[in-house]
Amino acid sequence: MLFESFFTRRFHIATIAIALISNTAAAQPYTEQVVGTLEAKGRGWNQIQFVDVESFSLDETPRYGTLSKTIFRGPELGFLVHTIFPPAWNMRMSQGGPHYHLFHEWGFTLEGDSVLYEAISPYQMNGKMEWKPKGGWLDRPPFSIHSANWLTGGLRPQTPYHLLIFEEGDGSLITIPRDGSMGDHYGPERRFKPDPYEPDWRKVKQWNPPWLVDTAHDLEWEPDREVEGRFVKWLSDDWQDGFRSRMIKIPPGWVPPEDGGKTYYKKANVMRYMLFGEMKVWQFEDDEDVGAPVTVKEDFFIYQPPRSIWGYGEGPLTGVYGATWLEVIYAKGLSHGGGPIEQPTVID
């Protein structure tokens, strides 16, 4: 109860911060779940959408057995969840076994740390221990074996673990029993039975390892070749398969280049999550609109669907701290396989 009260109080305080957003803002942040757009709506225009995650309501039915906020979902499949796992206070180790998914997922550690065990074989008794501190990146393909708690024990997080995770599928998992028997296939918190129901791990022919960045501190900031004055850290780049992830930073008082202009994607979906600082993001109704700025801060989620315009107004976009965000691009839809990623279209 103490942990939940602290978590909830933190989000209530953030509600007051919304009032500090400029009156010129085009729209207030969403207070309800954002639903993704897989395709552009004809020749019309979509708009960028914003979520202040701190002021967003907790899920009535928690995901992953802990406090969670499902801030975004696809129209069919796919869930973006901000979740906080409390510290493991007791000394007893859960006996949860390994599992895998039939879909791709990615995750980013926002605060705290955690330990995952990664295996390359279902017959492996102990997976490789992966410590995930702040700034850790996970790019997990289907049929990748992992577990938070291995049978022989392991390290437990000492501080609350804040995780941003996107599952491209229905959120279900398939277990691998240690006795060699057929596993089980079920949805989050066992809320539903998946269709198709495929619990037999013994029929899998190929297991796939994930791509992991232990922490963003292991990567150097590099000049962004696309936009002058920006900096990037590359996390994943499956360009041909339609998936890319980077951290992007703009310095204090950053003014976009004159040729920065306004751009949009015809098919791609872009997710951005503010990690630090604040900046102005312009929201446009269409390609002739001058737009209006919305101030986004740490723990804001920004969704750019197909045929929605990303651009800037005049003057500096950032204050004394600059801004850093996580950016994930899907070439088409909200899953791997829609590539290659197109170049953005520039609006003159």
# chains A, B, ... in the order shown; residues from 1 in each chain; ligands from 1

$ select_by_dssp --residues "range 66-309 of chain A" --states "helix (DSSP H, G or I)" --output "ChimeraX atom specification"
/A:188-190,201-203,216-218,239-241

$ select_by_dssp --residues "range 60-242 of chain A" --states "strand (DSSP E)" --output "MDAnalysis selection string"
chainID A and resid 67:73 79:85 99:100 105:111 114:119 128:132 137:140 145:147 161:167 173:175 185:186 211:213 222:223 231:238

$ atom_distance --atom1 "CA of Glu167 in chain A" --atom2 "CA of Ile341 in chain A"
19.8 Å

$ residues_around --residues "range 104-118 of chain A" --least-positions-apart "6" --cutoff "6 Å" --atoms "only C-alpha atoms" --output "PyMOL selection string"
chain A and resi 127-142+146-148+157+159-168

$ write_last_selection --atoms "N, CA and C atoms" --output "short mmCIF file (atom, residue, chain, number, x, y, z; two decimals), in the first residue's frame"
data_model
loop_
_atom_site.label_atom_id
_atom_site.label_comp_id
_atom_site.auth_asym_id
_atom_site.auth_seq_id
_atom_site.Cartn_x
_atom_site.Cartn_y
_atom_site.Cartn_z
N GLY A 127 20.00 -19.74 -17.70
CA GLY A 127 20.30 -18.83 -18.79
C GLY A 127 21.41 -17.86 -18.42
N LYS A 128 21.82 -17.07 -19.39
CA LYS A 128 22.82 -16.03 -19.14
C LYS A 128 22.15 -14.88 -18.40
N MET A 129 22.73 -14.47 -17.29
CA MET A 129 22.15 -13.41 -16.50
C MET A 129 22.43 -12.06 -17.16
N GLU A 130 21.37 -11.29 -17.42
CA GLU A 130 21.49 -9.97 -18.02
C GLU A 130 20.95 -8.93 -17.04
N TRP A 131 21.82 -8.06 -16.61
CA TRP A 131 21.43 -6.98 -15.71
C TRP A 131 20.94 -5.81 -16.55
N LYS A 132 19.77 -5.29 -16.23
CA LYS A 132 19.15 -4.21 -17.00
C LYS A 132 19.01 -2.95 -16.17
N PRO A 133 20.07 -2.11 -16.11
CA PRO A 133 19.95 -0.84 -15.38
C PRO A 133 19.27 0.22 -16.23
N LYS A 134 19.21 1.43 -15.70
CA LYS A 134 18.60 2.55 -16.41
C LYS A 134 19.25 2.72 -17.79
N GLY A 135 18.41 2.90 -18.80
CA GLY A 135 18.91 3.05 -20.16
C GLY A 135 19.14 1.74 -20.88
N GLY A 136 18.73 0.62 -20.28
CA GLY A 136 18.88 -0.67 -20.93
C GLY A 136 17.84 -0.85 -22.04
N TRP A 137 18.26 -1.45 -23.16
CA TRP A 137 17.40 -1.64 -24.32
C TRP A 137 17.27 -3.12 -24.63
N LEU A 138 16.06 -3.56 -24.93
CA LEU A 138 15.76 -4.95 -25.27
C LEU A 138 15.01 -5.00 -26.60
N ASP A 139 15.52 -5.78 -27.54
CA ASP A 139 14.89 -5.99 -28.85
C ASP A 139 14.75 -7.51 -28.99
N ARG A 140 13.53 -8.02 -28.70
CA ARG A 140 13.35 -9.47 -28.60
C ARG A 140 12.51 -10.02 -29.75
N PRO A 141 13.08 -10.95 -30.54
CA PRO A 141 12.32 -11.57 -31.62
C PRO A 141 11.39 -12.66 -31.10
N PRO A 142 10.50 -13.17 -31.94
CA PRO A 142 9.70 -14.33 -31.52
C PRO A 142 10.60 -15.52 -31.22
N HIS A 146 13.29 -16.66 -22.23
CA HIS A 146 13.73 -15.79 -21.15
C HIS A 146 12.89 -16.02 -19.90
N SER A 147 13.39 -15.50 -18.80
CA SER A 147 12.66 -15.62 -17.54
C SER A 147 13.18 -14.57 -16.57
N ALA A 148 12.29 -14.05 -15.76
CA ALA A 148 12.70 -13.11 -14.72
C ALA A 148 13.25 -13.85 -13.51
N PRO A 157 15.77 -7.13 -7.96
CA PRO A 157 15.93 -5.67 -7.99
C PRO A 157 15.82 -5.07 -6.59
N THR A 159 15.62 -1.66 -6.10
CA THR A 159 14.85 -0.42 -6.20
C THR A 159 13.70 -0.64 -7.17
N PRO A 160 12.67 0.21 -7.17
CA PRO A 160 11.58 0.05 -8.13
C PRO A 160 12.11 0.05 -9.57
N TYR A 161 11.58 -0.83 -10.36
CA TYR A 161 12.01 -1.01 -11.74
C TYR A 161 10.96 -0.43 -12.68
N HIS A 162 11.26 0.68 -13.35
CA HIS A 162 10.35 1.35 -14.26
C HIS A 162 10.65 0.89 -15.68
N LEU A 163 9.70 0.26 -16.31
CA LEU A 163 9.91 -0.33 -17.63
C LEU A 163 8.88 0.19 -18.62
N LEU A 164 9.35 0.56 -19.82
CA LEU A 164 8.48 0.85 -20.95
C LEU A 164 8.60 -0.32 -21.90
N ILE A 165 7.48 -0.99 -22.20
CA ILE A 165 7.53 -2.20 -23.00
C ILE A 165 6.40 -2.21 -24.03
N PHE A 166 6.74 -2.64 -25.25
CA PHE A 166 5.74 -2.77 -26.31
C PHE A 166 5.75 -4.20 -26.82
N GLU A 167 4.59 -4.84 -26.75
CA GLU A 167 4.41 -6.19 -27.26
C GLU A 167 3.58 -6.11 -28.53
N GLU A 168 4.12 -6.63 -29.63
CA GLU A 168 3.43 -6.51 -30.92
C GLU A 168 2.23 -7.43 -31.04
#

$ residues_around --residues "Trp234 in chain A" --least-positions-apart "5" --cutoff "10 Å" --atoms "only C-alpha atoms" --output "list in words"
Val213, Ala216, Leu219, Glu220, Trp221, Glu222, Arg244, Ser245, Arg246, Met247, Ile248 and Glu327 of chain A

$ residues_around --residues "range 184-194 of chain A" --least-positions-apart "6" --cutoff "12 Å" --atoms "only C-alpha atoms" --output "ChimeraX atom specification"
/A:61-66,79,97-102,167,169-177,200-202

$ write_last_selection --atoms "N, CA and C atoms" --output "PDB file, in the first residue's frame"
ATOM      1  N   THR A  61      -7.092  -3.566 -14.470  1.00  0.00           N
ATOM      2  CA  THR A  61      -6.566  -4.929 -14.355  1.00  0.00           C
ATOM      3  C   THR A  61      -5.085  -4.869 -14.671  1.00  0.00           C
ATOM      4  N   PRO A  62      -4.218  -4.927 -13.671  1.00  0.00           N
ATOM      5  CA  PRO A  62      -2.785  -4.735 -13.899  1.00  0.00           C
ATOM      6  C   PRO A  62      -2.198  -5.786 -14.836  1.00  0.00           C
ATOM      7  N   ARG A  63      -1.272  -5.358 -15.652  1.00  0.00           N
ATOM      8  CA  ARG A  63      -0.513  -6.282 -16.484  1.00  0.00           C
ATOM      9  C   ARG A  63       0.768  -6.660 -15.745  1.00  0.00           C
ATOM     10  N   TYR A  64       1.240  -7.876 -15.964  1.00  0.00           N
ATOM     11  CA  TYR A  64       2.495  -8.375 -15.375  1.00  0.00           C
ATOM     12  C   TYR A  64       2.418  -8.472 -13.849  1.00  0.00           C
ATOM     13  N   GLY A  65       1.220  -8.420 -13.292  1.00  0.00           N
ATOM     14  CA  GLY A  65       1.071  -8.600 -11.863  1.00  0.00           C
ATOM     15  C   GLY A  65       1.563  -7.435 -11.034  1.00  0.00           C
ATOM     16  N   THR A  66       1.665  -6.245 -11.616  1.00  0.00           N
ATOM     17  CA  THR A  66       2.157  -5.093 -10.878  1.00  0.00           C
ATOM     18  C   THR A  66       1.459  -3.841 -11.377  1.00  0.00           C
ATOM     19  N   PHE A  79       0.554  -3.557 -27.582  1.00  0.00           N
ATOM     20  CA  PHE A  79       0.285  -2.799 -26.368  1.00  0.00           C
ATOM     21  C   PHE A  79       1.570  -2.124 -25.898  1.00  0.00           C
ATOM     22  N   GLY A  97       9.306 -20.509 -14.293  1.00  0.00           N
ATOM     23  CA  GLY A  97      10.207 -21.065 -15.294  1.00  0.00           C
ATOM     24  C   GLY A  97      10.298 -20.194 -16.527  1.00  0.00           C
ATOM     25  N   PRO A  98      11.089 -20.631 -17.508  1.00  0.00           N
ATOM     26  CA  PRO A  98      11.265 -19.850 -18.735  1.00  0.00           C
ATOM     27  C   PRO A  98      10.023 -19.882 -19.625  1.00  0.00           C
ATOM     28  N   HIS A  99       9.942 -18.885 -20.506  1.00  0.00           N
ATOM     29  CA  HIS A  99       8.836 -18.815 -21.458  1.00  0.00           C
ATOM     30  C   HIS A  99       9.311 -18.096 -22.718  1.00  0.00           C
ATOM     31  N   TYR A 100       8.433 -18.036 -23.712  1.00  0.00           N
ATOM     32  CA  TYR A 100       8.727 -17.302 -24.942  1.00  0.00           C
ATOM     33  C   TYR A 100       7.414 -16.792 -25.523  1.00  0.00           C
ATOM     34  N   HIS A 101       7.532 -15.949 -26.572  1.00  0.00           N
ATOM     35  CA  HIS A 101       6.363 -15.370 -27.233  1.00  0.00           C
ATOM     36  C   HIS A 101       6.383 -15.705 -28.720  1.00  0.00           C
ATOM     37  N   LEU A 102       5.228 -15.598 -29.342  1.00  0.00           N
ATOM     38  CA  LEU A 102       5.110 -15.809 -30.786  1.00  0.00           C
ATOM     39  C   LEU A 102       5.250 -14.498 -31.562  1.00  0.00           C
ATOM     40  N   GLU A 167       4.595  -4.840 -26.754  1.00  0.00           N
ATOM     41  CA  GLU A 167       4.412  -6.191 -27.259  1.00  0.00           C
ATOM     42  C   GLU A 167       3.585  -6.109 -28.532  1.00  0.00           C
ATOM     43  N   GLY A 169       2.188  -8.465 -30.234  1.00  0.00           N
ATOM     44  CA  GLY A 169       1.108  -9.431 -30.330  1.00  0.00           C
ATOM     45  C   GLY A 169       0.044  -9.246 -29.275  1.00  0.00           C
ATOM     46  N   ASP A 170      -0.547 -10.364 -28.852  1.00  0.00           N
ATOM     47  CA  ASP A 170      -1.655 -10.317 -27.891  1.00  0.00           C
ATOM     48  C   ASP A 170      -1.197 -10.350 -26.439  1.00  0.00           C
ATOM     49  N   GLY A 171       0.115 -10.376 -26.216  1.00  0.00           N
ATOM     50  CA  GLY A 171       0.636 -10.399 -24.854  1.00  0.00           C
ATOM     51  C   GLY A 171       0.733 -11.782 -24.245  1.00  0.00           C
ATOM     52  N   SER A 172       0.404 -12.817 -24.993  1.00  0.00           N
ATOM     53  CA  SER A 172       0.413 -14.172 -24.446  1.00  0.00           C
ATOM     54  C   SER A 172       1.830 -14.738 -24.390  1.00  0.00           C
ATOM     55  N   LEU A 173       2.007 -15.768 -23.590  1.00  0.00           N
ATOM     56  CA  LEU A 173       3.306 -16.443 -23.471  1.00  0.00           C
ATOM     57  C   LEU A 173       3.113 -17.951 -23.436  1.00  0.00           C
ATOM     58  N   ILE A 174       4.196 -18.654 -23.766  1.00  0.00           N
ATOM     59  CA  ILE A 174       4.202 -20.123 -23.752  1.00  0.00           C
ATOM     60  C   ILE A 174       5.289 -20.577 -22.790  1.00  0.00           C
ATOM     61  N   THR A 175       4.938 -21.413 -21.834  1.00  0.00           N
ATOM     62  CA  THR A 175       5.880 -21.873 -20.821  1.00  0.00           C
ATOM     63  C   THR A 175       6.628 -23.126 -21.283  1.00  0.00           C
ATOM     64  N   ILE A 176       7.814 -23.313 -20.691  1.00  0.00           N
ATOM     65  CA  ILE A 176       8.642 -24.492 -20.968  1.00  0.00           C
ATOM     66  C   ILE A 176       8.873 -25.217 -19.650  1.00  0.00           C
ATOM     67  N   PRO A 177       8.082 -26.243 -19.340  1.00  0.00           N
ATOM     68  CA  PRO A 177       8.245 -26.970 -18.075  1.00  0.00           C
ATOM     69  C   PRO A 177       9.590 -27.681 -18.003  1.00  0.00           C
ATOM     70  N   ASP A 200       2.780 -26.309 -27.299  1.00  0.00           N
ATOM     71  CA  ASP A 200       3.818 -27.334 -27.357  1.00  0.00           C
ATOM     72  C   ASP A 200       5.152 -26.759 -27.852  1.00  0.00           C
ATOM     73  N   TRP A 201       6.029 -26.400 -26.934  1.00  0.00           N
ATOM     74  CA  TRP A 201       7.349 -25.843 -27.252  1.00  0.00           C
ATOM     75  C   TRP A 201       8.237 -26.855 -27.974  1.00  0.00           C
ATOM     76  N   ARG A 202       7.913 -28.135 -27.851  1.00  0.00           N
ATOM     77  CA  ARG A 202       8.744 -29.185 -28.456  1.00  0.00           C
ATOM     78  C   ARG A 202       8.661 -29.192 -29.980  1.00  0.00           C
TER      79      ARG A 202
END

$ residues_around --residues "Glu258 in chain A" --least-positions-apart "6" --cutoff "12 Å" --atoms "only C-alpha atoms" --output "PyMOL selection string"
chain A and resi 227-229+311-315+348

$ closest_residue --among "A:Lys332, A:Arg73, A:Lys203, A:His82" --to "Gly36 in chain A" --atoms "only C-alpha atoms"
A:Arg73

$ atom_distance --atom1 "CA of Gly338 in chain A" --atom2 "CA of Phe103 in chain A"
14.1 Å

$ closest_atom_pairs --of "range 231-308 of chain A" --to "range 52-57 of chain A" --cutoff "10 Å" --atoms "only C-alpha atoms" --output "JSON lines"
{"residue": "A:Tyr273", "atom": "CA", "partner": "A:Val53", "partner_atom": "CA", "distance": 9.6}
{"residue": "A:Met274", "atom": "CA", "partner": "A:Asp52", "partner_atom": "CA", "distance": 9.8}
{"residue": "A:Val296", "atom": "CA", "partner": "A:Asp52", "partner_atom": "CA", "distance": 8.1}
{"residue": "A:Lys297", "atom": "CA", "partner": "A:Asp52", "partner_atom": "CA", "distance": 8.2}
{"residue": "A:Glu298", "atom": "CA", "partner": "A:Asp52", "partner_atom": "CA", "distance": 8.7}
{"residue": "A:Asp299", "atom": "CA", "partner": "A:Val53", "partner_atom": "CA", "distance": 5.6}
{"residue": "A:Phe300", "atom": "CA", "partner": "A:Asp52", "partner_atom": "CA", "distance": 4.6}
{"residue": "A:Phe301", "atom": "CA", "partner": "A:Asp52", "partner_atom": "CA", "distance": 6.5}
{"residue": "A:Ile302", "atom": "CA", "partner": "A:Asp52", "partner_atom": "CA", "distance": 9.0}
